[in-house]
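J.: My structure is in entry_38.txt, and what it holds is compact mmCIF, C-alpha atoms:
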```
# COMPACT_ATOMS: atom_id res chain seq x y z
CA MET L 1 -143.95 -2.13 -83.73
CA ALA L 2 -142.55 -5.52 -84.57
CA THR L 3 -139.94 -5.47 -87.31
CA PRO L 4 -139.68 -8.32 -89.89
CA LYS L 5 -136.39 -9.37 -88.20
CA MET L 6 -138.11 -9.67 -84.82
CA LEU L 7 -140.96 -11.67 -86.36
CA ARG L 8 -138.51 -14.05 -88.02
CA THR L 9 -136.66 -14.54 -84.70
CA LEU L 10 -139.94 -15.15 -82.87
CA THR L 11 -141.13 -17.65 -85.49
CA GLY L 12 -137.77 -19.43 -85.35
CA LEU L 13 -137.95 -19.63 -81.57
CA CYS L 14 -141.50 -21.02 -81.67
CA LEU L 15 -140.48 -23.64 -84.26
CA PHE L 16 -137.43 -24.62 -82.20
CA LEU L 17 -139.56 -25.02 -79.06
CA ALA L 18 -142.19 -27.02 -80.93
CA LEU L 19 -139.60 -29.35 -82.47
CA SER L 20 -137.64 -29.80 -79.26
CA ALA L 21 -140.84 -30.72 -77.43
CA CYS L 22 -141.71 -33.46 -79.93
CA GLY L 23 -138.30 -34.86 -80.94
CA VAL L 24 -136.11 -37.55 -79.45
CA ASN L 25 -133.62 -36.41 -76.81
CA SER L 26 -130.08 -37.45 -77.70
CA LEU L 27 -127.48 -37.91 -75.04
CA VAL L 28 -123.80 -38.82 -75.26
CA VAL L 29 -122.75 -40.21 -71.87
CA GLU L 30 -119.71 -38.44 -70.43
CA GLY L 31 -117.77 -39.36 -67.34
CA SER L 32 -114.32 -39.82 -65.89
CA TYR L 33 -113.05 -43.03 -64.34
CA PRO L 34 -110.22 -43.46 -61.85
CA SER L 35 -107.34 -45.81 -62.44
CA PRO L 36 -107.64 -48.92 -60.22
CA ASN L 37 -105.33 -49.32 -57.26
CA ILE L 38 -104.51 -53.01 -57.72
CA ARG L 39 -101.61 -55.42 -58.29
CA GLN L 40 -100.52 -55.46 -61.92
CA ILE L 41 -100.40 -58.66 -63.99
CA PRO L 42 -97.04 -58.87 -65.81
CA LEU L 43 -98.53 -59.63 -69.25
CA THR L 44 -99.26 -57.79 -72.48
CA LEU L 45 -102.95 -57.53 -73.30
CA GLY L 46 -104.47 -56.61 -76.64
CA VAL L 47 -107.90 -55.01 -76.46
CA TYR L 48 -110.34 -54.98 -79.33
CA TYR L 49 -113.43 -52.77 -79.35
CA ASP L 50 -115.73 -53.92 -82.14
CA GLU L 51 -117.93 -51.49 -84.05
CA GLU L 52 -120.99 -52.56 -82.06
CA LEU L 53 -119.34 -51.47 -78.79
CA ARG L 54 -117.77 -48.31 -80.19
CA ASP L 55 -121.12 -47.07 -81.53
CA PHE L 56 -123.32 -48.57 -78.83
CA THR L 57 -126.55 -46.58 -78.48
CA TYR L 58 -129.56 -47.48 -76.39
CA VAL L 59 -132.99 -46.16 -77.34
CA GLU L 60 -135.65 -45.70 -74.67
CA TYR L 61 -139.20 -45.74 -76.04
CA SER L 62 -142.23 -44.00 -74.58
CA GLU L 63 -145.36 -45.94 -73.65
CA THR L 64 -146.82 -45.08 -77.07
CA GLY L 65 -143.78 -46.62 -78.81
CA LYS L 66 -142.09 -43.37 -79.84
CA GLU L 67 -138.36 -42.85 -79.44
CA GLU L 68 -137.89 -40.86 -76.24
CA TYR L 69 -134.18 -40.94 -75.37
CA ARG L 70 -131.22 -41.98 -77.51
CA ILE L 71 -128.27 -42.72 -75.22
CA ALA L 72 -124.82 -43.16 -76.78
CA SER L 73 -122.42 -44.84 -74.35
CA GLY L 74 -119.89 -46.59 -76.63
CA GLN L 75 -117.16 -43.95 -76.26
CA THR L 76 -117.46 -43.78 -72.47
CA HIS L 77 -117.22 -47.60 -72.29
CA MET L 78 -113.95 -47.41 -74.22
CA GLN L 79 -112.78 -44.63 -71.90
CA LEU L 80 -113.50 -46.87 -68.89
CA PHE L 81 -111.56 -49.84 -70.27
CA ASN L 82 -108.70 -47.56 -71.36
CA SER L 83 -108.46 -46.37 -67.77
CA VAL L 84 -108.86 -49.76 -66.06
CA LEU L 85 -106.81 -52.12 -68.26
CA PRO L 86 -103.41 -50.29 -68.13
CA ALA L 87 -103.56 -50.53 -64.33
CA MET L 88 -104.33 -54.26 -64.51
CA PHE L 89 -101.71 -55.27 -67.11
CA GLU L 90 -98.07 -54.36 -67.64
CA LYS L 91 -98.76 -53.37 -71.25
CA VAL L 92 -101.99 -52.79 -73.13
CA VAL L 93 -102.28 -52.50 -76.92
CA VAL L 94 -105.49 -51.28 -78.54
CA LEU L 95 -106.06 -53.34 -81.70
CA ASP L 96 -107.77 -52.06 -84.84
CA ASP L 97 -108.71 -55.62 -85.77
CA LEU L 98 -108.29 -59.07 -84.29
CA ALA L 99 -105.98 -60.20 -87.10
CA SER L 100 -103.27 -57.75 -86.00
CA ALA L 101 -102.89 -59.42 -82.57
CA PRO L 102 -99.96 -61.83 -83.43
CA ALA L 103 -97.94 -58.97 -84.95
CA GLN L 104 -98.38 -56.93 -81.75
CA GLN L 105 -96.96 -59.84 -79.67
CA VAL L 106 -99.78 -59.79 -77.14
CA ASP L 107 -100.35 -62.60 -74.64
CA ALA L 108 -104.12 -62.43 -75.03
CA VAL L 109 -106.86 -60.31 -76.56
CA PHE L 110 -109.72 -58.91 -74.52
CA ALA L 111 -112.94 -58.18 -76.45
CA PRO L 112 -115.86 -56.84 -74.39
CA ARG L 113 -119.41 -56.81 -75.72
CA ILE L 114 -122.59 -55.17 -74.39
CA GLU L 115 -125.39 -57.73 -74.32
CA GLU L 116 -128.16 -55.70 -72.74
CA PHE L 117 -128.78 -52.18 -71.49
CA GLN L 118 -131.77 -51.25 -69.33
CA LEU L 119 -132.90 -47.88 -68.09
CA ALA L 120 -135.46 -47.07 -65.40
CA LEU L 121 -136.76 -43.52 -65.38
CA PRO L 122 -138.49 -42.03 -62.28
CA GLN L 123 -141.48 -40.91 -64.34
CA LYS L 124 -142.11 -44.56 -65.26
CA THR L 125 -141.07 -46.40 -62.09
CA HIS L 126 -142.40 -43.73 -59.68
CA LEU L 127 -139.20 -44.15 -57.64
CA ASP L 128 -136.93 -41.24 -56.72
CA ALA L 129 -133.98 -42.51 -58.76
CA TYR L 130 -132.63 -43.02 -62.26
CA GLU L 131 -131.33 -46.58 -62.61
CA VAL L 132 -129.20 -48.29 -65.24
CA TRP L 133 -128.41 -52.01 -65.62
CA VAL L 134 -125.93 -53.30 -68.16
CA LYS L 135 -125.12 -56.92 -69.02
CA TYR L 136 -121.76 -57.65 -70.66
CA ASN L 137 -120.16 -60.58 -72.37
CA MET L 138 -116.44 -60.52 -71.65
CA ARG L 139 -114.26 -62.55 -74.00
CA LEU L 140 -110.60 -63.39 -73.61
CA LEU L 141 -108.94 -64.85 -76.71
CA GLY L 142 -105.49 -66.12 -77.55
CA PRO L 143 -103.34 -64.07 -80.00
CA GLY L 144 -104.52 -66.37 -82.80
CA GLY L 145 -108.19 -65.94 -81.87
CA GLU L 146 -108.48 -69.20 -79.91
CA TYR L 147 -110.88 -69.30 -76.96
CA ILE L 148 -109.51 -68.69 -73.45
CA ALA L 149 -112.53 -67.48 -71.46
CA ASP L 150 -116.01 -66.10 -71.95
CA TRP L 151 -118.01 -64.82 -69.01
CA VAL L 152 -120.96 -62.59 -68.16
CA LEU L 153 -120.76 -59.50 -65.95
CA THR L 154 -123.59 -57.24 -64.87
CA SER L 155 -123.36 -53.71 -63.56
CA TYR L 156 -125.79 -51.37 -61.87
CA GLY L 157 -125.83 -47.65 -61.26
CA LYS L 158 -128.36 -45.28 -59.81
CA THR L 159 -128.63 -41.63 -58.99
CA PRO L 160 -131.35 -39.91 -56.96
CA THR L 161 -133.73 -37.39 -58.50
CA GLU L 162 -133.01 -33.83 -57.46
CA THR L 163 -134.69 -30.49 -57.96
CA LEU L 164 -133.26 -28.68 -60.99
CA ARG L 165 -131.44 -31.79 -62.26
CA SER L 166 -132.41 -32.56 -65.86
CA VAL L 167 -133.45 -36.04 -67.01
CA GLU L 168 -130.35 -36.14 -69.24
CA ALA L 169 -128.06 -35.40 -66.27
CA GLY L 170 -129.83 -38.10 -64.23
CA ILE L 171 -129.38 -40.70 -67.00
CA ASN L 172 -125.74 -39.66 -67.49
CA ASP L 173 -124.90 -39.97 -63.78
CA ALA L 174 -126.67 -43.34 -63.42
CA THR L 175 -124.81 -44.69 -66.49
CA VAL L 176 -121.45 -43.44 -65.18
CA GLY L 177 -122.32 -45.13 -61.84
CA ALA L 178 -123.02 -48.39 -63.68
CA LEU L 179 -119.70 -48.12 -65.52
CA ARG L 180 -117.79 -47.51 -62.28
CA ASP L 181 -119.53 -50.60 -60.90
CA LEU L 182 -118.42 -52.53 -63.99
CA GLY L 183 -114.84 -51.29 -63.56
CA SER L 184 -114.67 -52.30 -59.89
CA ASN L 185 -116.36 -55.65 -60.44
CA PHE L 186 -114.22 -56.45 -63.49
CA THR L 187 -110.88 -55.65 -61.82
CA LEU L 188 -111.69 -57.57 -58.64
CA THR L 189 -113.21 -60.68 -60.25
CA PHE L 190 -111.01 -61.01 -63.36
CA GLY L 191 -108.56 -63.43 -61.74
CA THR L 192 -111.34 -65.48 -60.13
CA VAL L 193 -113.04 -66.56 -63.40
CA PRO L 194 -112.02 -70.28 -63.55
CA GLU L 195 -110.78 -70.23 -67.17
CA VAL L 196 -108.91 -66.96 -66.64
CA ARG L 197 -107.37 -68.29 -63.41
CA ASP L 198 -106.11 -71.40 -65.26
CA TRP L 199 -104.75 -69.27 -68.11
CA LEU L 200 -102.94 -66.93 -65.68
CA ALA L 201 -101.43 -69.97 -63.93
CA SER L 202 -100.23 -71.37 -67.26
CA GLN L 203 -98.68 -68.02 -68.20
CA GLN L 204 -96.77 -67.89 -64.90
CA GLN L 205 -95.30 -71.34 -65.57
CA GLN L 206 -93.94 -70.23 -68.97
CA MET F 1 -137.38 16.64 -48.36
CA SER F 2 -134.87 17.46 -45.63
CA SER F 3 -131.85 15.27 -44.91
CA ALA F 4 -133.17 14.67 -41.35
CA ASP F 5 -136.38 13.12 -42.79
CA SER F 6 -134.32 10.91 -45.08
CA VAL F 7 -132.17 9.62 -42.19
CA SER F 8 -135.27 8.98 -40.07
CA ARG F 9 -136.94 6.96 -42.88
CA GLY F 10 -133.74 4.97 -43.43
CA THR F 11 -133.52 4.14 -39.72
CA GLY F 12 -137.20 3.11 -39.72
CA ARG F 13 -136.64 0.75 -42.67
CA ILE F 14 -133.63 -0.81 -40.98
CA ALA F 15 -135.68 -1.34 -37.81
CA ILE F 16 -138.52 -3.01 -39.79
CA HIS F 17 -136.03 -5.26 -41.62
CA ALA F 18 -134.35 -6.18 -38.34
CA CYS F 19 -137.72 -7.02 -36.74
CA LEU F 20 -138.73 -9.14 -39.76
CA SER F 21 -135.38 -10.95 -39.79
CA PHE F 22 -135.65 -11.61 -36.05
CA PHE F 23 -139.23 -12.90 -36.49
CA CYS F 24 -138.20 -15.17 -39.36
CA ALA F 25 -135.17 -16.48 -37.46
CA ALA F 26 -137.34 -17.16 -34.41
CA VAL F 27 -139.92 -19.02 -36.52
CA LEU F 28 -137.23 -21.03 -38.31
CA ALA F 29 -135.34 -21.88 -35.15
CA SER F 30 -138.45 -23.02 -33.33
CA CYS F 31 -139.41 -25.47 -36.07
CA THR F 32 -136.68 -28.12 -35.61
CA THR F 33 -136.02 -30.60 -32.79
CA THR F 34 -132.71 -32.46 -32.79
CA THR F 35 -131.59 -35.38 -30.63
CA VAL F 36 -128.05 -36.78 -30.60
CA ASP F 37 -127.05 -40.11 -28.99
CA GLU F 38 -123.52 -41.36 -28.51
CA PHE F 39 -122.53 -44.96 -27.88
CA ARG F 40 -118.84 -45.34 -27.08
CA GLN F 41 -117.18 -48.75 -27.44
CA GLY F 42 -113.52 -47.78 -27.23
CA GLU F 43 -110.98 -45.07 -26.49
CA THR F 44 -110.40 -42.42 -29.14
CA GLY F 45 -107.92 -39.65 -29.86
CA ILE F 46 -106.14 -38.27 -32.89
CA GLU F 47 -102.67 -36.80 -33.53
CA SER F 48 -102.16 -33.64 -35.58
CA HIS F 49 -100.56 -35.59 -38.47
CA GLU F 50 -103.47 -38.04 -38.66
CA SER F 51 -106.73 -37.62 -40.57
CA ILE F 52 -110.18 -39.14 -40.92
CA VAL F 53 -112.37 -39.93 -43.90
CA ILE F 54 -116.16 -39.68 -43.80
CA LEU F 55 -117.96 -41.98 -46.24
CA GLY F 56 -121.64 -42.38 -47.06
CA ARG F 57 -123.23 -45.83 -47.10
CA ARG F 58 -124.75 -46.55 -50.52
CA GLN F 59 -125.35 -50.30 -50.46
CA GLY F 60 -129.09 -50.20 -49.77
CA SER F 61 -131.61 -50.33 -52.57
CA ALA F 62 -134.19 -48.14 -50.80
CA TYR F 63 -132.02 -45.07 -50.26
CA GLU F 64 -128.44 -43.85 -50.30
CA THR F 65 -126.71 -41.37 -48.01
CA ARG F 66 -126.54 -38.06 -49.86
CA GLU F 67 -123.13 -36.79 -50.92
CA GLU F 68 -124.10 -33.25 -49.82
CA PHE F 69 -124.76 -34.43 -46.24
CA VAL F 70 -121.41 -36.21 -46.12
CA ASP F 71 -119.66 -33.03 -47.38
CA CYS F 72 -121.55 -30.92 -44.82
CA VAL F 73 -120.44 -33.12 -41.89
CA GLY F 74 -116.87 -33.21 -43.23
CA ASN F 75 -116.69 -29.41 -43.55
CA ARG F 76 -117.96 -28.84 -40.03
CA VAL F 77 -115.74 -31.50 -38.44
CA SER F 78 -112.69 -29.79 -39.96
CA ARG F 79 -113.63 -26.33 -38.62
CA GLY F 80 -112.73 -24.64 -35.33
CA SER F 81 -109.85 -24.81 -32.89
CA ARG F 82 -110.38 -28.58 -32.43
CA GLY F 83 -110.83 -29.14 -36.18
CA ILE F 84 -109.74 -32.49 -37.63
CA ARG F 85 -108.16 -33.06 -41.04
CA VAL F 86 -110.84 -34.68 -43.19
CA ILE F 87 -110.04 -36.34 -46.53
CA PRO F 88 -112.77 -35.44 -49.08
CA GLU F 89 -115.01 -38.43 -49.78
CA GLN F 90 -114.77 -38.48 -53.59
CA GLU F 91 -110.98 -38.00 -53.54
CA PHE F 92 -110.61 -40.98 -51.19
CA ILE F 93 -113.02 -43.23 -53.14
CA ASP F 94 -111.24 -42.41 -56.43
CA ALA F 95 -107.81 -43.00 -54.89
CA MET F 96 -108.96 -46.33 -53.42
CA PHE F 97 -110.80 -47.47 -56.58
CA PRO F 98 -112.11 -50.24 -56.79
CA TRP F 99 -112.16 -51.07 -53.06
CA PHE F 100 -114.68 -48.55 -51.68
CA GLU F 101 -117.38 -48.62 -54.38
CA PRO F 102 -121.02 -49.28 -53.31
CA ARG F 103 -120.71 -53.00 -54.15
CA THR F 104 -117.19 -53.57 -52.83
CA ALA F 105 -116.87 -51.37 -49.72
CA PRO F 106 -116.26 -53.20 -46.42
CA LEU F 107 -119.46 -53.67 -44.41
CA ARG F 108 -117.84 -54.94 -41.18
CA THR F 109 -114.57 -54.21 -39.42
CA SER F 110 -113.44 -57.77 -40.21
CA ASP F 111 -113.85 -56.91 -43.92
CA LEU F 112 -111.62 -53.87 -43.39
CA GLN F 113 -108.99 -56.07 -41.73
CA ALA F 114 -109.05 -58.42 -44.73
CA LEU F 115 -108.86 -55.44 -47.08
CA MET F 116 -105.84 -54.00 -45.28
CA GLU F 117 -103.93 -57.19 -46.08
CA GLU F 118 -103.81 -55.91 -49.67
CA GLU F 119 -100.57 -53.95 -49.77
CA VAL F 120 -101.91 -51.41 -52.29
CA VAL F 121 -104.77 -50.57 -49.90
CA SER F 122 -102.79 -50.34 -46.67
CA SER F 123 -100.07 -48.21 -48.27
CA LYS F 124 -102.68 -45.74 -49.64
CA ILE F 125 -104.39 -45.51 -46.22
CA ALA F 126 -100.98 -44.88 -44.63
CA GLU F 127 -100.16 -42.27 -47.28
CA TYR F 128 -103.31 -40.33 -46.32
CA GLY F 129 -102.57 -40.80 -42.61
CA ILE F 130 -106.08 -42.09 -41.97
CA ARG F 131 -106.74 -43.04 -38.35
CA TYR F 132 -110.54 -43.33 -38.45
CA ILE F 133 -113.06 -44.23 -41.13
CA VAL F 134 -116.51 -42.80 -40.35
CA TRP F 135 -119.48 -44.40 -42.10
CA LEU F 136 -122.53 -42.18 -42.40
CA ASP F 137 -125.81 -43.94 -43.02
CA GLY F 138 -129.22 -42.31 -43.21
CA GLN F 139 -131.63 -40.09 -45.04
CA THR F 140 -134.16 -37.30 -44.73
CA GLU F 141 -137.77 -38.24 -45.33
CA THR F 142 -140.61 -35.83 -46.03
CA THR F 143 -144.01 -36.78 -44.62
CA SER F 144 -147.39 -35.27 -43.70
CA ARG F 145 -147.74 -33.00 -46.72
CA THR F 146 -150.90 -30.94 -46.36
CA GLY F 147 -152.53 -27.92 -48.00
CA SER F 148 -152.27 -26.47 -51.47
CA ILE F 149 -151.19 -23.27 -53.17
CA SER F 150 -152.74 -21.92 -56.36
CA CYS F 151 -151.02 -19.36 -58.53
CA ALA F 152 -152.48 -17.37 -61.42
CA VAL F 153 -151.09 -14.89 -63.92
CA GLY F 154 -153.23 -12.38 -65.81
CA PRO F 155 -152.71 -9.27 -67.95
CA GLY F 156 -152.81 -7.07 -64.83
CA GLY F 157 -150.33 -9.17 -62.86
CA GLY F 158 -150.20 -12.43 -60.93
CA GLY F 159 -150.25 -13.91 -57.49
CA CYS F 160 -150.57 -17.00 -55.33
CA PHE F 161 -153.00 -17.96 -52.59
CA GLY F 162 -153.08 -20.90 -50.22
CA PHE F 163 -151.12 -22.69 -47.53
CA GLY F 164 -148.82 -25.70 -47.58
CA SER F 165 -146.96 -27.56 -44.87
CA TRP F 166 -144.87 -30.70 -44.50
CA GLU F 167 -142.67 -32.47 -41.97
CA ASP F 168 -139.03 -33.47 -42.54
CA ASP F 169 -137.39 -36.21 -40.52
CA SER F 170 -133.60 -36.73 -40.73
CA ASN F 171 -132.10 -39.90 -39.25
CA PHE F 172 -128.36 -40.45 -39.53
CA ASP F 173 -125.87 -42.81 -37.86
CA ALA F 174 -122.09 -42.31 -37.83
CA ARG F 175 -120.08 -45.46 -37.13
CA VAL F 176 -116.44 -44.81 -36.29
CA TRP F 177 -113.89 -47.47 -37.25
CA ASP F 178 -110.39 -47.31 -35.84
CA VAL F 179 -108.04 -48.24 -38.68
CA SER F 180 -105.19 -49.14 -36.30
CA SER F 181 -107.20 -51.72 -34.32
CA PHE F 182 -109.88 -52.66 -36.91
CA ALA F 183 -112.55 -52.04 -34.28
CA ASN F 184 -115.80 -50.13 -34.20
CA VAL F 185 -115.05 -47.59 -31.46
CA GLY F 186 -118.47 -45.99 -31.34
CA THR F 187 -121.69 -44.86 -32.96
CA ILE F 188 -123.27 -41.43 -32.97
CA SER F 189 -126.92 -41.15 -33.97
CA THR F 190 -128.86 -38.02 -34.73
CA ASP F 191 -132.56 -37.55 -35.24
CA ALA F 192 -133.93 -34.17 -36.34
CA THR F 193 -137.55 -33.37 -37.12
CA GLY F 194 -139.15 -30.15 -38.21
CA GLN F 195 -142.28 -28.69 -39.73
CA SER F 196 -142.07 -26.33 -42.72
CA TYR F 197 -144.83 -23.91 -43.77
CA VAL F 198 -145.50 -21.93 -46.93
CA PRO F 199 -148.31 -19.39 -46.52
CA ALA F 200 -149.14 -17.58 -49.76
CA VAL F 201 -151.03 -14.32 -49.96
CA VAL F 202 -150.04 -12.94 -53.37
CA VAL F 203 -146.42 -13.94 -52.69
CA PRO F 204 -145.54 -17.37 -51.19
CA ILE F 205 -143.43 -16.99 -48.03
CA PRO F 206 -141.46 -20.19 -47.34
CA LEU F 207 -140.80 -20.78 -43.63
CA LEU F 208 -138.49 -23.74 -43.97
CA ALA F 209 -137.27 -25.90 -41.12
CA ARG F 210 -133.54 -26.53 -41.66
CA VAL F 211 -133.82 -30.14 -40.54
CA GLU F 212 -130.92 -31.73 -42.44
CA ALA F 213 -128.64 -28.74 -41.75
CA ASN F 214 -129.38 -29.04 -38.02
CA ALA F 215 -128.78 -32.81 -38.14
CA CYS F 216 -125.45 -32.10 -39.87
CA ASN F 217 -124.36 -29.48 -37.31
CA SER F 218 -125.30 -31.63 -34.30
CA LEU F 219 -123.72 -34.79 -35.69
CA ALA F 220 -120.54 -32.99 -36.76
CA SER F 221 -119.90 -31.27 -33.42
CA GLN F 222 -120.51 -34.53 -31.52
CA LEU F 223 -118.28 -36.44 -33.95
CA GLN F 224 -115.49 -33.87 -33.57
CA GLN F 225 -115.56 -34.26 -29.77
CA PHE F 226 -115.78 -38.05 -30.05
CA VAL F 227 -112.76 -38.40 -32.37
CA ASN F 228 -110.71 -35.93 -30.30
CA GLY F 229 -111.49 -38.07 -27.26
CA ASP F 230 -113.06 -35.16 -25.31
```
As structure tokens, please, write out the structure in this file.

T.:
Amino acid sequence: MATPKMLRTLTGLCLFLALSACGVNSLVVEGSYPSPNIRQIPLTLGVYYDEELRDFTYVEYSETGKEEYRIASGQTHMQLFNSVLPAMFEKVVVLDDLASAPAQQVDAVFAPRIEEFQLALPQKTHLDAYEVWVKYNMRLLGPGGEYIADWVLTSYGKTPTETLRSVEAGINDATVGALRDLGSNFTLTFGTVPEVRDWLASQQQQ
Amino acid sequence: MSSADSVSRGTGRIAIHACLSFFCAAVLASCTTTTVDEFRQGETGIESHESIVILGRRQGSAYETREEFVDCVGNRVSRGSRGIRVIPEQEFIDAMFPWFEPRTAPLRTSDLQALMEEEVVSSKIAEYGIRYIVWLDGQTETTSRTGSISCAVGPGGGGCFGFGSWEDDSNFDARVWDVSSFANVGTISTDATGQSYVPAVVVPIPLLARVEANACNSLASQLQQFVNGD
């Protein structure tokens, strides 16, 4: 015979299943990023992650307009830049605010911003892959906040669908792929952005 | 029940299991056809202190070479008396970051030559002792799906009934680049096809053709001979 404790457990389980079937799926993207194997620039860089980047969350809506997936990727973006920038520059200082840059004696301040995030799910595209596109606005400022360079970078990542792989794992892997793509593209093209190239040349002359 | 009866029943069960296993193995083995082609463009050979790295091509938008297939070929190439030291794919890509990512990896041997002019790249390749870079490109496609299986569960139990079948076709190319001469020294291609069946009378019995595994085995043994210069 069912005891009151068993009934309570069963009711709780049913409620949990019902709620989890209807609610939004939250996902915090997690990944690890290798340090780039490149020539280092002998300068000190300040890096400023604004609140928008730190807390960046993308919401994917269903066809009926309901929230389907809530994907938080701000922390993993910071993790990527914290892995890539120290390999690119002799010294990197993470700034709490832009005003503290002169006191930290940095040569420039890098402030990345996510402009757009797109997700393609296999159940919607009918392709056998999860895909993520991200568009960034990269800004390089002088220690006093003056403009040095401002350029757009895009990144793309995909991961194939697999039996027994959850949707969350597929989204996570595709996002990490897009971030690796950003890291490789950023490190290899940084010195080729015309304004950055001119600034680097001026720094070498000093 | 006497102990002699018990031994006799045990022997009978073993014989039935052995017959079933043999039948299954025969069915599975007969389902796959594999063809391997080798096109040699230069001399090969490898010293005991040298290694190779096997990388999957992932530039295409339509498909990407599966990591599991690359690992399978790498594991088999490193086995046996003529085994070759293989650097794991992910370890190499991470160590060479950002030079061997899907968007930045060299597509031609001339790109590799240009890449090796970067001191950070050439010193890392030398550190690993890499003599050959092998690029794997391909996929397994499933076609000709036919049949259907229905399953039902009731208070008295459950079961499935029906029949399903499909064909798998694995096509993979391995291009071997000599790091010392920046030349493509050869290409090995493998094509494996096989039909899988799932008859279901109460319990579904999958008779799966191990198409990709056979493609991996054939490609790996040919690649091992090719790199060793046999």

J.: Could you pull the residues within 10 Å of Gln203 of chain L, counting all atoms listed in the file, minus those fewer than 3 positions along the same chain, as a list in words?

T.: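 Answer for this query is Pro42, Leu43, Asp107, Arg197, Asp198, Trp199, Leu200 and Gln206 of chain L.
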
J.: Using Å and a single decimal, report how far atom CA of Thr187 of chain F sits from atom CA of Val227 of chain F.

T.: 11.0 Å

J.: Find the residues of chain L in contact range of chain F, meaning any atom within 9 Å when counting all atoms listed in the file, and list them as a list in words.

T.: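 Here is what falls inside 9 Å: Tyr33, Pro34, Ser35, Pro36, Asn37, Ile38, Arg39, Asp128, Thr159, Pro160, Arg180, Asp181, Gly183, Ser184, Asn185, Thr187 and Leu188 of chain L.
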
J.: Can you work out the spacing between atom CA of Thr57 of chain L and atom CA of Ser83 of chain L in Å, to one decimal?

T.: 21.0 Å

J.: Please list as a PDB file with C-alpha atoms, in the frame of the given file every residue within 12 Å of Glu141 of chain F, counting all atoms listed in the file and excluding residues in the same chain fewer than 2 positions away.

T.:
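Here's the written file part-v6.pdb:
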```
ATOM      1  CA  ASP L 128    -136.930 -41.240 -56.720  1.00  0.00           C
TER       2      ASP L 128
ATOM      3  CA  ALA F  62    -134.190 -48.140 -50.800  1.00  0.00           C
ATOM      4  CA  TYR F  63    -132.020 -45.070 -50.260  1.00  0.00           C
ATOM      5  CA  GLU F  64    -128.440 -43.850 -50.300  1.00  0.00           C
ATOM      6  CA  THR F  65    -126.710 -41.370 -48.010  1.00  0.00           C
ATOM      7  CA  GLY F 138    -129.220 -42.310 -43.210  1.00  0.00           C
ATOM      8  CA  GLN F 139    -131.630 -40.090 -45.040  1.00  0.00           C
ATOM      9  CA  THR F 143    -144.010 -36.780 -44.620  1.00  0.00           C
ATOM     10  CA  SER F 144    -147.390 -35.270 -43.700  1.00  0.00           C
ATOM     11  CA  ARG F 145    -147.740 -33.000 -46.720  1.00  0.00           C
ATOM     12  CA  TRP F 166    -144.870 -30.700 -44.500  1.00  0.00           C
ATOM     13  CA  GLU F 167    -142.670 -32.470 -41.970  1.00  0.00           C
ATOM     14  CA  ASP F 168    -139.030 -33.470 -42.540  1.00  0.00           C
ATOM     15  CA  ASP F 169    -137.390 -36.210 -40.520  1.00  0.00           C
ATOM     16  CA  SER F 170    -133.600 -36.730 -40.730  1.00  0.00           C
ATOM     17  CA  ASN F 171    -132.100 -39.900 -39.250  1.00  0.00           C
ATOM     18  CA  PHE F 172    -128.360 -40.450 -39.530  1.00  0.00           C
ATOM     19  CA  ASP F 191    -132.560 -37.550 -35.240  1.00  0.00           C
ATOM     20  CA  ALA F 192    -133.930 -34.170 -36.340  1.00  0.00           C
ATOM     21  CA  THR F 193    -137.550 -33.370 -37.120  1.00  0.00           C
ATOM     22  CA  GLY F 194    -139.150 -30.150 -38.210  1.00  0.00           C
ATOM     23  CA  GLN F 195    -142.280 -28.690 -39.730  1.00  0.00           C
ATOM     24  CA  VAL F 211    -133.820 -30.140 -40.540  1.00  0.00           C
ATOM     25  CA  GLU F 212    -130.920 -31.730 -42.440  1.00  0.00           C
TER      26      GLU F 212
END
```

J.: Provide the atom CA of Ser122 of chain F to atom CA of Asp230 of chain F distance in Å, to one decimal place.

T.: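 Going from atom CA of Ser122 of chain F over to atom CA of Asp230 of chain F, I get 28.1 Å.
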
J.: Could you check the closest approach to Gly31 of chain L for each of L:Met78, L:Ile148, L:Val47, L:Ala120 and tell me which residue wins, using all atoms listed in the file?

T.: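 Distance minimum relative to Gly31 of chain L lands on L:Met78.
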
J.: Which residues are near Glu146 of chain L? Cut-off 10 Å, all atoms listed in the file, ignore same chain within fewer than 6 positions. Put them as a list in words.

T.: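 My reading of the contact set: Ala108, Val109 and Leu140 of chain L.
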